Amino acid sequence: MTWVALKMLTGDRSKYLGILFGIAFAALLMAHQVSIFLGIMARTTSVIDDVNPHGIWVMNPNVRYLDEPFGMSDMDLERVRGVEGVGWAVRFYKGQLRTRLAGGNDPGADSDFRNVMLLGLDDATFTGAPRRMLLGNLEDLKKPDAVIVDEAGWNYLFPGRPWSLGHILEMNDRRAVLVGICKASPPFQSVPVMYTRYSQAIRFAPPERRVMSFVLAGPAPGHRLDEVCQRIQQQTGLRARTGHDFSWDTIRFYLKNTGIPVNFGITVTLGFIVGVAIAGQTFYLFTIENLKQFGALKAMGVSNWRIVGMILTQAFVVGVIGYCIGMGLAATFFESTKSQIHLQGFYMRWQVMLLAGAAVLVIVTLASLLSIRRVLVLEPAIVFR
């Protein structure tokens, strides 16, 4: 009977392909949009992942997420270092500044202003420094006015130009010299990421009484992260979060205070509805056109359960093939765009594939239920009419 069900399924090629298209399109749209959404959310925590993902972030008690740092005093650093269980603690600056490409000193560069994300690393330890240098040496940050820019930032500041060092920029009317190009995780905002020493960053930054954004810390051997965070909060009154918890604080802020999840949720829902509508309607019409065949099977003594099994087999086959086509198209998209700098970090996770598979299962189940009901109430005598 399985062979008969498959022959009936592929007998009408146009409807068969229509069902496959509906399921494949729904699977593609859901997998693609959910993957893009997860990639965007991951970008909101790119600095945490690059700088101190497994350590402790200490901040002003009013800080809610990464991109909202409030200034801290240098005394806060010493207070954190004095907490039992803290193995090390260093300064860290994060801010968004405006830089000017110094066209007079750099022939061919545009004399325009650009926004950049400036990260100030501890002068002695370079904690949070980029892990991979593409050009130049990390030790060159010790030079006066030195900055390092990420690869995407280079393409943004100097589009179409080969990598080179020694370019002069201006930040807050102060000279900055490009000494390196690095690989960094793409940030949520499409701005260049620049690294410099903390002492240099506070000179680039606008003058404020408190300029230190965060204190980066780590536990001493034998102490747990969560316990050290609790001690820091109790003894200093500052907010201390592990890298993992601070990442989720940031993600939850964007989920709650932006329209990103709503917009992507609408798109995914529409993909599901379109899949149900196309597959369900086409599958129902396919069943209606084969009522005489089902009636003949009933007249020959085939039970309702056997016929239901045939319909479910047909639904399972088109579901699996449509799902595979959709996943293949989605994977092809991400594979073909992974080399583009501005689309790096977007890929299809295995959890997304499971979610899309579950959605396709629901689609084909709903589509088959519409047909099953019509077949169950079918009279075998229809074949003689």
# chains A, B, ... in the order shown; residues from 1 in each chain; ligands from 1
>>> select_by_dssp(residues="range 193-254 of chain A", states="helix (DSSP H, G or I)", output="JSON list (two decimals) with N, CA, C and O atoms, in the first residue's frame")
[["chain", "number", "residue", "atom", "x", "y", "z"],
["A", 198, "TYR", "N", 44.40, 52.00, 27.83],
["A", 198, "TYR", "CA", 43.43, 52.74, 28.65],
["A", 198, "TYR", "C", 43.87, 54.18, 28.85],
["A", 198, "TYR", "O", 43.05, 55.11, 28.74],
["A", 199, "SER", "N", 45.14, 54.38, 29.14],
["A", 199, "SER", "CA", 45.64, 55.74, 29.35],
["A", 199, "SER", "C", 45.48, 56.60, 28.11],
["A", 199, "SER", "O", 45.27, 57.82, 28.19],
["A", 200, "GLN", "N", 45.55, 55.96, 26.94],
["A", 200, "GLN", "CA", 45.36, 56.70, 25.70],
["A", 200, "GLN", "C", 43.87, 56.92, 25.43],
["A", 200, "GLN", "O", 43.46, 57.97, 24.93],
["A", 201, "ALA", "N", 43.04, 55.95, 25.79],
["A", 201, "ALA", "CA", 41.60, 56.07, 25.54],
["A", 201, "ALA", "C", 40.99, 57.23, 26.30],
["A", 201, "ALA", "O", 40.12, 57.94, 25.77],
["A", 202, "ILE", "N", 41.41, 57.46, 27.54],
["A", 202, "ILE", "CA", 40.82, 58.54, 28.32],
["A", 202, "ILE", "C", 41.26, 59.91, 27.81],
["A", 202, "ILE", "O", 40.63, 60.92, 28.10],
["A", 203, "ARG", "N", 42.35, 59.93, 27.01],
["A", 203, "ARG", "CA", 42.73, 61.19, 26.36],
["A", 203, "ARG", "C", 41.91, 61.42, 25.10],
["A", 203, "ARG", "O", 41.61, 62.55, 24.74],
["A", 204, "PHE", "N", 41.56, 60.31, 24.42],
["A", 204, "PHE", "CA", 40.70, 60.45, 23.25],
["A", 204, "PHE", "C", 39.26, 60.78, 23.64],
["A", 204, "PHE", "O", 38.55, 61.48, 22.92],
["A", 225, "LEU", "N", 32.93, 31.83, 40.36],
["A", 225, "LEU", "CA", 32.58, 33.13, 39.79],
["A", 225, "LEU", "C", 31.39, 33.76, 40.49],
["A", 225, "LEU", "O", 31.43, 34.95, 40.86],
["A", 226, "ASP", "N", 30.31, 33.00, 40.66],
["A", 226, "ASP", "CA", 29.10, 33.58, 41.25],
["A", 226, "ASP", "C", 29.33, 34.02, 42.69],
["A", 226, "ASP", "O", 28.79, 35.06, 43.13],
["A", 227, "GLU", "N", 30.14, 33.27, 43.44],
["A", 227, "GLU", "CA", 30.43, 33.66, 44.82],
["A", 227, "GLU", "C", 31.23, 34.95, 44.87],
["A", 227, "GLU", "O", 30.97, 35.84, 45.70],
["A", 228, "VAL", "N", 32.22, 35.09, 43.99],
["A", 228, "VAL", "CA", 33.03, 36.31, 43.96],
["A", 228, "VAL", "C", 32.15, 37.50, 43.56],
["A", 228, "VAL", "O", 32.29, 38.60, 44.11],
["A", 229, "CYS", "N", 31.24, 37.30, 42.60],
["A", 229, "CYS", "CA", 30.34, 38.38, 42.20],
["A", 229, "CYS", "C", 29.50, 38.85, 43.37],
["A", 229, "CYS", "O", 29.30, 40.07, 43.58],
["A", 230, "GLN", "N", 28.99, 37.92, 44.17],
["A", 230, "GLN", "CA", 28.18, 38.29, 45.32],
["A", 230, "GLN", "C", 29.00, 39.08, 46.34],
["A", 230, "GLN", "O", 28.52, 40.06, 46.91],
["A", 231, "ARG", "N", 30.23, 38.67, 46.57],
["A", 231, "ARG", "CA", 31.09, 39.38, 47.52],
["A", 231, "ARG", "C", 31.37, 40.80, 47.03],
["A", 231, "ARG", "O", 31.36, 41.76, 47.82],
["A", 232, "ILE", "N", 31.65, 40.94, 45.73],
["A", 232, "ILE", "CA", 31.92, 42.27, 45.18],
["A", 232, "ILE", "C", 30.72, 43.18, 45.38],
["A", 232, "ILE", "O", 30.86, 44.35, 45.79],
["A", 233, "GLN", "N", 29.53, 42.67, 45.12],
["A", 233, "GLN", "CA", 28.33, 43.50, 45.26],
["A", 233, "GLN", "C", 28.08, 43.85, 46.72],
["A", 233, "GLN", "O", 27.67, 44.98, 47.04],
["A", 234, "GLN", "N", 28.30, 42.91, 47.63],
["A", 234, "GLN", "CA", 28.04, 43.17, 49.04],
["A", 234, "GLN", "C", 29.04, 44.16, 49.63],
["A", 234, "GLN", "O", 28.67, 45.01, 50.44],
["A", 235, "GLN", "N", 30.30, 44.05, 49.22],
["A", 235, "GLN", "CA", 31.34, 44.85, 49.86],
["A", 235, "GLN", "C", 31.56, 46.21, 49.18],
["A", 235, "GLN", "O", 32.04, 47.14, 49.82],
["A", 236, "THR", "N", 31.23, 46.32, 47.91],
["A", 236, "THR", "CA", 31.50, 47.57, 47.19],
["A", 236, "THR", "C", 30.23, 48.33, 46.80],
["A", 236, "THR", "O", 30.31, 49.52, 46.50],
["A", 243, "GLY", "N", 30.53, 36.97, 32.78],
["A", 243, "GLY", "CA", 30.41, 37.27, 31.35],
["A", 243, "GLY", "C", 29.15, 36.67, 30.75],
["A", 243, "GLY", "O", 28.47, 37.29, 29.94],
["A", 244, "HIS", "N", 28.81, 35.44, 31.17],
["A", 244, "HIS", "CA", 27.61, 34.77, 30.66],
["A", 244, "HIS", "C", 26.35, 35.53, 31.07],
["A", 244, "HIS", "O", 25.45, 35.79, 30.26],
["A", 245, "ASP", "N", 26.27, 35.92, 32.36],
["A", 245, "ASP", "CA", 25.08, 36.62, 32.84],
["A", 245, "ASP", "C", 24.97, 38.01, 32.22],
["A", 245, "ASP", "O", 23.85, 38.47, 31.90],
["A", 246, "PHE", "N", 26.10, 38.68, 32.06],
["A", 246, "PHE", "CA", 26.06, 40.03, 31.47],
["A", 246, "PHE", "C", 25.63, 39.96, 30.01],
["A", 246, "PHE", "O", 24.95, 40.85, 29.50],
["A", 247, "SER", "N", 26.03, 38.91, 29.31],
["A", 247, "SER", "CA", 25.58, 38.72, 27.93],
["A", 247, "SER", "C", 24.06, 38.58, 27.87],
["A", 247, "SER", "O", 23.40, 39.19, 27.04],
["A", 248, "TRP", "N", 23.51, 37.77, 28.77],
["A", 248, "TRP", "CA", 22.05, 37.59, 28.78],
["A", 248, "TRP", "C", 21.33, 38.85, 29.22],
["A", 248, "TRP", "O", 20.21, 39.13, 28.76],
["A", 249, "ASP", "N", 21.94, 39.64, 30.12],
["A", 249, "ASP", "CA", 21.35, 40.94, 30.48],
["A", 249, "ASP", "C", 21.22, 41.82, 29.24],
["A", 249, "ASP", "O", 20.20, 42.48, 29.03],
["A", 250, "THR", "N", 22.26, 41.82, 28.43],
["A", 250, "THR", "CA", 22.27, 42.65, 27.22],
["A", 250, "THR", "C", 21.25, 42.15, 26.21],
["A", 250, "THR", "O", 20.50, 42.93, 25.61],
["A", 251, "ILE", "N", 21.21, 40.84, 26.00],
["A", 251, "ILE", "CA", 20.25, 40.27, 25.05],
["A", 251, "ILE", "C", 18.83, 40.55, 25.49],
["A", 251, "ILE", "O", 17.97, 40.95, 24.69],
["A", 252, "ARG", "N", 18.54, 40.36, 26.79],
["A", 252, "ARG", "CA", 17.19, 40.61, 27.29],
["A", 252, "ARG", "C", 16.79, 42.07, 27.12],
["A", 252, "ARG", "O", 15.63, 42.38, 26.83],
["A", 253, "PHE", "N", 17.75, 42.98, 27.27],
["A", 253, "PHE", "CA", 17.44, 44.40, 27.08],
["A", 253, "PHE", "C", 16.99, 44.66, 25.65],
["A", 253, "PHE", "O", 15.99, 45.35, 25.41],
["A", 254, "TYR", "N", 17.71, 44.12, 24.67],
["A", 254, "TYR", "CA", 17.34, 44.34, 23.27],
["A", 254, "TYR", "C", 16.04, 43.62, 22.92],
["A", 254, "TYR", "O", 15.25, 44.13, 22.11]]
>>> residues_around(residues="Val320 in chain A", least_positions_apart="6", cutoff="10 Å", atoms="only C-alpha atoms", output="number ranges by chain")
A: 20, 23-24, 326, 357, 360-361, 364
>>> write_last_selection(atoms="N, CA, C and O atoms", output="compact mmCIF listing (two decimals), in the first residue's frame")
# COMPACT_ATOMS: atom_id res chain seq x y z
N LEU A 20 5.59 20.48 -2.41
CA LEU A 20 7.01 20.57 -2.07
C LEU A 20 7.46 22.02 -1.98
O LEU A 20 8.21 22.41 -1.07
N ILE A 23 6.17 23.69 1.33
CA ILE A 23 6.89 23.26 2.52
C ILE A 23 8.34 23.76 2.49
O ILE A 23 8.87 24.22 3.51
N ALA A 24 8.98 23.67 1.32
CA ALA A 24 10.37 24.13 1.22
C ALA A 24 10.47 25.62 1.48
O ALA A 24 11.39 26.09 2.17
N GLY A 326 14.40 23.03 1.76
CA GLY A 326 14.46 24.31 2.46
C GLY A 326 15.74 24.48 3.25
O GLY A 326 16.36 25.55 3.21
N GLY A 357 12.33 21.78 11.60
CA GLY A 357 11.79 20.44 11.40
C GLY A 357 10.49 20.22 12.15
O GLY A 357 9.55 19.62 11.62
N VAL A 360 7.76 22.11 10.29
CA VAL A 360 7.35 21.38 9.09
C VAL A 360 6.48 20.19 9.46
O VAL A 360 5.48 19.88 8.78
N LEU A 361 6.81 19.52 10.56
CA LEU A 361 5.99 18.39 11.01
C LEU A 361 4.56 18.85 11.32
O LEU A 361 3.59 18.17 10.98
N VAL A 364 2.71 19.61 7.87
CA VAL A 364 2.23 18.43 7.14
C VAL A 364 1.15 17.71 7.92
O VAL A 364 0.25 17.09 7.33
>>> closest_residue(among="A:Val90, A:Ala277, A:Val193, A:Leu138", to="Val179 in chain A", atoms="only C-alpha atoms")
A:Leu138
>>> closest_residue(among="A:Asn115, A:Thr44, A:Ser368, A:Asn257", to="Thr287 in chain A", atoms="only C-alpha atoms")
A:Ser368
>>> closest_residue(among="A:Lys183, A:His223, A:Arg210, A:Lys15", to="Gly87 in chain A", atoms="only C-alpha atoms")
A:His223
>>> residues_around(residues="Trp88 in chain A", least_positions_apart="3", cutoff="8 Å", atoms="only C-alpha atoms", output="PyMOL selection string")
chain A and resi 81+217-220
>>> residues_around(residues="Val191 in chain A", least_positions_apart="5", cutoff="12 Å", atoms="only C-alpha atoms", output="list in words")
Gly95, Gln96, Leu97, Arg98, Thr99, Arg114, Asn115, Val116, Met117, Leu118, Val149, Asp150, Glu151, Ala152, Gly153, Trp154, Asn155, Tyr156, Leu157, Ala184, Ser185, Pro186 and His342 of chain A
>>> atom_distance(atom1="CA of Gln340 in chain A", atom2="CA of Ile260 in chain A")
22.6 Å
>>> closest_residue(among="A:Pro61, A:Gly128, A:Pro221, A:Gly280", to="Val362 in chain A", atoms="only C-alpha atoms")
A:Gly280
>>> closest_residue(among="A:Phe346, A:Lys94, A:Trp57, A:Val318", to="Met41 in chain A", atoms="only C-alpha atoms")
A:Phe346
>>> residues_around(residues="Ala89 in chain A", least_positions_apart="3", cutoff="9 Å", atoms="only C-alpha atoms", output="PyMOL selection string")
chain A and resi 56+77-78+80-81+86+215-218
>>> closest_residue(among="A:Gly136, A:Gly120, A:Pro69, A:Pro261", to="Thr196 in chain A", atoms="only C-alpha atoms")
A:Gly120
>>> select_by_dssp(residues="range 186-315 of chain A", states="strand (DSSP E)", output="PyMOL selection string")
chain A and resi 193-197+214-219+239-242
>>> residues_around(residues="Leu38 in chain A", least_positions_apart="2", cutoff="10 Å", atoms="only C-alpha atoms", output="mmCIF file with all heavy atoms, in the first residue's frame")
data_model
loop_
_atom_site.group_PDB
_atom_site.id
_atom_site.type_symbol
_atom_site.label_atom_id
_atom_site.label_comp_id
_atom_site.auth_asym_id
_atom_site.auth_seq_id
_atom_site.Cartn_x
_atom_site.Cartn_y
_atom_site.Cartn_z
ATOM 1 N N GLN A 33 15.246 33.310 8.739
ATOM 2 C CA GLN A 33 14.943 34.448 9.596
ATOM 3 C C GLN A 33 15.323 34.196 11.051
ATOM 4 O O GLN A 33 15.834 35.088 11.730
ATOM 5 C CB GLN A 33 13.452 34.778 9.487
ATOM 6 C CG GLN A 33 13.046 35.367 8.154
ATOM 7 C CD GLN A 33 13.760 36.676 7.860
ATOM 8 O OE1 GLN A 33 13.513 37.693 8.502
ATOM 9 N NE2 GLN A 33 14.650 36.662 6.878
ATOM 10 N N VAL A 34 15.112 32.976 11.530
ATOM 11 C CA VAL A 34 15.512 32.670 12.903
ATOM 12 C C VAL A 34 17.036 32.727 13.035
ATOM 13 O O VAL A 34 17.564 33.228 14.034
ATOM 14 C CB VAL A 34 14.977 31.290 13.329
ATOM 15 C CG1 VAL A 34 15.555 30.884 14.680
ATOM 16 C CG2 VAL A 34 13.453 31.314 13.406
ATOM 17 N N SER A 35 17.755 32.252 12.037
ATOM 18 C CA SER A 35 19.225 32.303 12.078
ATOM 19 C C SER A 35 19.726 33.740 12.053
ATOM 20 O O SER A 35 20.670 34.092 12.781
ATOM 21 C CB SER A 35 19.806 31.522 10.893
ATOM 22 O OG SER A 35 19.461 30.159 10.957
ATOM 23 N N ILE A 36 19.122 34.580 11.220
ATOM 24 C CA ILE A 36 19.504 35.994 11.180
ATOM 25 C C ILE A 36 19.229 36.654 12.530
ATOM 26 O O ILE A 36 20.041 37.429 13.051
ATOM 27 C CB ILE A 36 18.758 36.728 10.055
ATOM 28 C CG1 ILE A 36 19.196 36.208 8.679
ATOM 29 C CG2 ILE A 36 18.991 38.231 10.143
ATOM 30 C CD1 ILE A 36 20.620 36.532 8.321
ATOM 31 N N ILE A 40 21.971 38.408 14.984
ATOM 32 C CA ILE A 40 21.896 39.800 15.437
ATOM 33 C C ILE A 40 21.990 39.873 16.954
ATOM 34 O O ILE A 40 22.702 40.719 17.519
ATOM 35 C CB ILE A 40 20.597 40.456 14.932
ATOM 36 C CG1 ILE A 40 20.658 40.637 13.409
ATOM 37 C CG2 ILE A 40 20.361 41.796 15.615
ATOM 38 C CD1 ILE A 40 19.380 41.178 12.816
ATOM 39 N N MET A 41 21.282 38.978 17.645
ATOM 40 C CA MET A 41 21.349 38.968 19.106
ATOM 41 C C MET A 41 22.763 38.641 19.586
ATOM 42 O O MET A 41 23.229 39.193 20.586
ATOM 43 C CB MET A 41 20.351 37.956 19.660
ATOM 44 C CG MET A 41 18.894 38.378 19.540
ATOM 45 S SD MET A 41 18.475 39.863 20.506
ATOM 46 C CE MET A 41 18.493 41.127 19.208
ATOM 47 N N ALA A 42 23.451 37.753 18.873
ATOM 48 C CA ALA A 42 24.827 37.416 19.257
ATOM 49 C C ALA A 42 25.751 38.621 19.084
ATOM 50 O O ALA A 42 26.705 38.790 19.847
ATOM 51 C CB ALA A 42 25.328 36.241 18.427
ATOM 52 N N ARG A 43 25.458 39.462 18.106
ATOM 53 C CA ARG A 43 26.297 40.640 17.886
ATOM 54 C C ARG A 43 26.204 41.650 19.034
ATOM 55 O O ARG A 43 27.130 42.410 19.260
ATOM 56 C CB ARG A 43 25.914 41.324 16.574
ATOM 57 C CG ARG A 43 26.376 40.578 15.336
ATOM 58 C CD ARG A 43 26.216 41.405 14.093
ATOM 59 N NE ARG A 43 26.831 40.775 12.930
ATOM 60 C CZ ARG A 43 27.170 41.418 11.828
ATOM 61 N NH1 ARG A 43 26.924 42.716 11.721
ATOM 62 N NH2 ARG A 43 27.750 40.765 10.820
ATOM 63 N N PRO A 261 12.653 41.489 17.936
ATOM 64 C CA PRO A 261 11.975 40.179 18.034
ATOM 65 C C PRO A 261 10.583 40.188 17.427
ATOM 66 O O PRO A 261 10.144 39.181 16.856
ATOM 67 C CB PRO A 261 11.933 39.921 19.548
ATOM 68 C CG PRO A 261 12.095 41.259 20.180
ATOM 69 C CD PRO A 261 12.963 42.047 19.256
ATOM 70 N N GLY A 345 29.361 35.833 11.014
ATOM 71 C CA GLY A 345 28.691 35.558 12.281
ATOM 72 C C GLY A 345 27.272 35.055 12.115
ATOM 73 O O GLY A 345 26.653 34.622 13.091
ATOM 74 N N PHE A 346 26.766 35.084 10.873
ATOM 75 C CA PHE A 346 25.435 34.558 10.613
ATOM 76 C C PHE A 346 25.574 33.135 10.073
ATOM 77 O O PHE A 346 26.203 32.920 9.040
ATOM 78 C CB PHE A 346 24.677 35.423 9.606
ATOM 79 C CG PHE A 346 24.352 36.801 10.128
ATOM 80 C CD1 PHE A 346 25.052 37.916 9.683
ATOM 81 C CD2 PHE A 346 23.339 36.988 11.050
ATOM 82 C CE1 PHE A 346 24.759 39.174 10.163
ATOM 83 C CE2 PHE A 346 23.034 38.247 11.526
ATOM 84 C CZ PHE A 346 23.737 39.342 11.095
ATOM 85 N N TYR A 347 25.003 32.204 10.748
ATOM 86 C CA TYR A 347 25.032 30.809 10.305
ATOM 87 C C TYR A 347 23.814 30.094 10.882
ATOM 88 O O TYR A 347 23.120 30.618 11.765
ATOM 89 C CB TYR A 347 26.326 30.111 10.733
ATOM 90 C CG TYR A 347 26.511 30.021 12.236
ATOM 91 C CD1 TYR A 347 26.115 28.875 12.938
ATOM 92 C CD2 TYR A 347 27.080 31.069 12.953
ATOM 93 C CE1 TYR A 347 26.279 28.784 14.305
ATOM 94 C CE2 TYR A 347 27.236 30.988 14.328
ATOM 95 C CZ TYR A 347 26.846 29.850 14.993
ATOM 96 O OH TYR A 347 27.000 29.771 16.351
ATOM 97 N N MET A 348 23.556 28.920 10.371
ATOM 98 C CA MET A 348 22.384 28.162 10.794
ATOM 99 C C MET A 348 22.782 27.169 11.879
ATOM 100 O O MET A 348 23.539 26.234 11.643
ATOM 101 C CB MET A 348 21.743 27.451 9.599
ATOM 102 C CG MET A 348 20.403 26.828 9.906
ATOM 103 S SD MET A 348 19.487 26.353 8.418
ATOM 104 C CE MET A 348 20.655 25.229 7.652
ATOM 105 N N ARG A 349 22.284 27.363 13.072
ATOM 106 C CA ARG A 349 22.572 26.484 14.197
ATOM 107 C C ARG A 349 21.730 25.216 14.117
ATOM 108 O O ARG A 349 20.648 25.214 13.532
ATOM 109 C CB ARG A 349 22.295 27.207 15.513
ATOM 110 C CG ARG A 349 23.193 28.440 15.728
ATOM 111 C CD ARG A 349 22.641 29.348 16.785
ATOM 112 N NE ARG A 349 23.572 30.423 17.142
ATOM 113 C CZ ARG A 349 23.734 31.546 16.451
ATOM 114 N NH1 ARG A 349 23.019 31.739 15.341
ATOM 115 N NH2 ARG A 349 24.586 32.461 16.835
ATOM 116 N N VAL A 352 18.192 25.565 15.213
ATOM 117 C CA VAL A 352 17.279 26.132 14.227
ATOM 118 C C VAL A 352 16.750 25.043 13.303
ATOM 119 O O VAL A 352 15.567 25.041 12.930
ATOM 120 C CB VAL A 352 17.990 27.241 13.419
ATOM 121 C CG1 VAL A 352 17.102 27.750 12.292
ATOM 122 C CG2 VAL A 352 18.397 28.387 14.339
#
>>> decode(residues="range 180-204 of chain A", atoms="N, CA and C atoms", output="tab-separated table (two decimals), in the first residue's frame")
chain	number	residue	atom	x	y	z
A	180	GLY	N	47.91	48.64	13.63
A	180	GLY	CA	47.56	47.25	13.42
A	180	GLY	C	46.13	47.06	12.94
A	181	ILE	N	45.92	45.92	12.31
A	181	ILE	CA	44.58	45.51	11.88
A	181	ILE	C	44.33	44.13	12.46
A	182	CYS	N	43.17	43.93	13.08
A	182	CYS	CA	42.90	42.70	13.80
A	182	CYS	C	41.59	42.07	13.35
A	183	LYS	N	41.34	40.89	13.85
A	183	LYS	CA	40.09	40.19	13.63
A	183	LYS	C	39.26	40.33	14.90
A	184	ALA	N	38.05	40.86	14.78
A	184	ALA	CA	37.17	41.03	15.93
A	184	ALA	C	35.77	40.60	15.56
A	185	SER	N	35.01	40.18	16.54
A	185	SER	CA	33.61	39.81	16.29
A	185	SER	C	32.83	41.05	15.86
A	186	PRO	N	31.98	40.94	14.85
A	186	PRO	CA	31.23	42.11	14.40
A	186	PRO	C	30.29	42.62	15.48
A	187	PRO	N	30.26	43.92	15.73
A	187	PRO	CA	29.38	44.46	16.77
A	187	PRO	C	27.95	44.63	16.26
A	188	PHE	N	27.06	44.94	17.20
A	188	PHE	CA	25.66	45.15	16.86
A	188	PHE	C	25.51	46.35	15.93
A	189	GLN	N	26.19	47.43	16.27
A	189	GLN	CA	26.20	48.60	15.41
A	189	GLN	C	27.34	48.49	14.41
A	190	SER	N	27.06	48.84	13.17
A	190	SER	CA	28.06	48.69	12.11
A	190	SER	C	29.07	49.83	12.15
A	191	VAL	N	29.91	49.82	13.18
A	191	VAL	CA	30.95	50.83	13.34
A	191	VAL	C	32.28	50.13	13.53
A	192	PRO	N	33.38	50.77	13.15
A	192	PRO	CA	34.70	50.17	13.38
A	192	PRO	C	34.97	49.98	14.86
A	193	VAL	N	35.68	48.91	15.18
A	193	VAL	CA	36.11	48.64	16.56
A	193	VAL	C	37.59	48.98	16.65
A	194	MET	N	37.93	49.91	17.54
A	194	MET	CA	39.32	50.33	17.72
A	194	MET	C	39.80	49.98	19.12
A	195	TYR	N	41.04	49.51	19.20
A	195	TYR	CA	41.67	49.17	20.47
A	195	TYR	C	42.81	50.14	20.72
A	196	THR	N	42.95	50.51	21.97
A	196	THR	CA	44.09	51.32	22.38
A	196	THR	C	44.35	51.08	23.86
A	197	ARG	N	45.41	51.67	24.38
A	197	ARG	CA	45.67	51.56	25.81
A	197	ARG	C	44.67	52.41	26.60
A	198	TYR	N	44.40	52.00	27.83
A	198	TYR	CA	43.43	52.74	28.65
A	198	TYR	C	43.87	54.18	28.85
A	199	SER	N	45.14	54.38	29.14
A	199	SER	CA	45.64	55.74	29.35
A	199	SER	C	45.48	56.60	28.11
A	200	GLN	N	45.55	55.96	26.94
A	200	GLN	CA	45.36	56.70	25.70
A	200	GLN	C	43.87	56.92	25.43
A	201	ALA	N	43.04	55.95	25.79
A	201	ALA	CA	41.60	56.07	25.54
A	201	ALA	C	40.99	57.23	26.30
A	202	ILE	N	41.41	57.46	27.54
A	202	ILE	CA	40.82	58.54	28.32
A	202	ILE	C	41.26	59.91	27.81
A	203	ARG	N	42.35	59.93	27.01
A	203	ARG	CA	42.73	61.19	26.36
A	203	ARG	C	41.91	61.42	25.10
A	204	PHE	N	41.56	60.31	24.42
A	204	PHE	CA	40.70	60.45	23.25
A	204	PHE	C	39.26	60.78	23.64
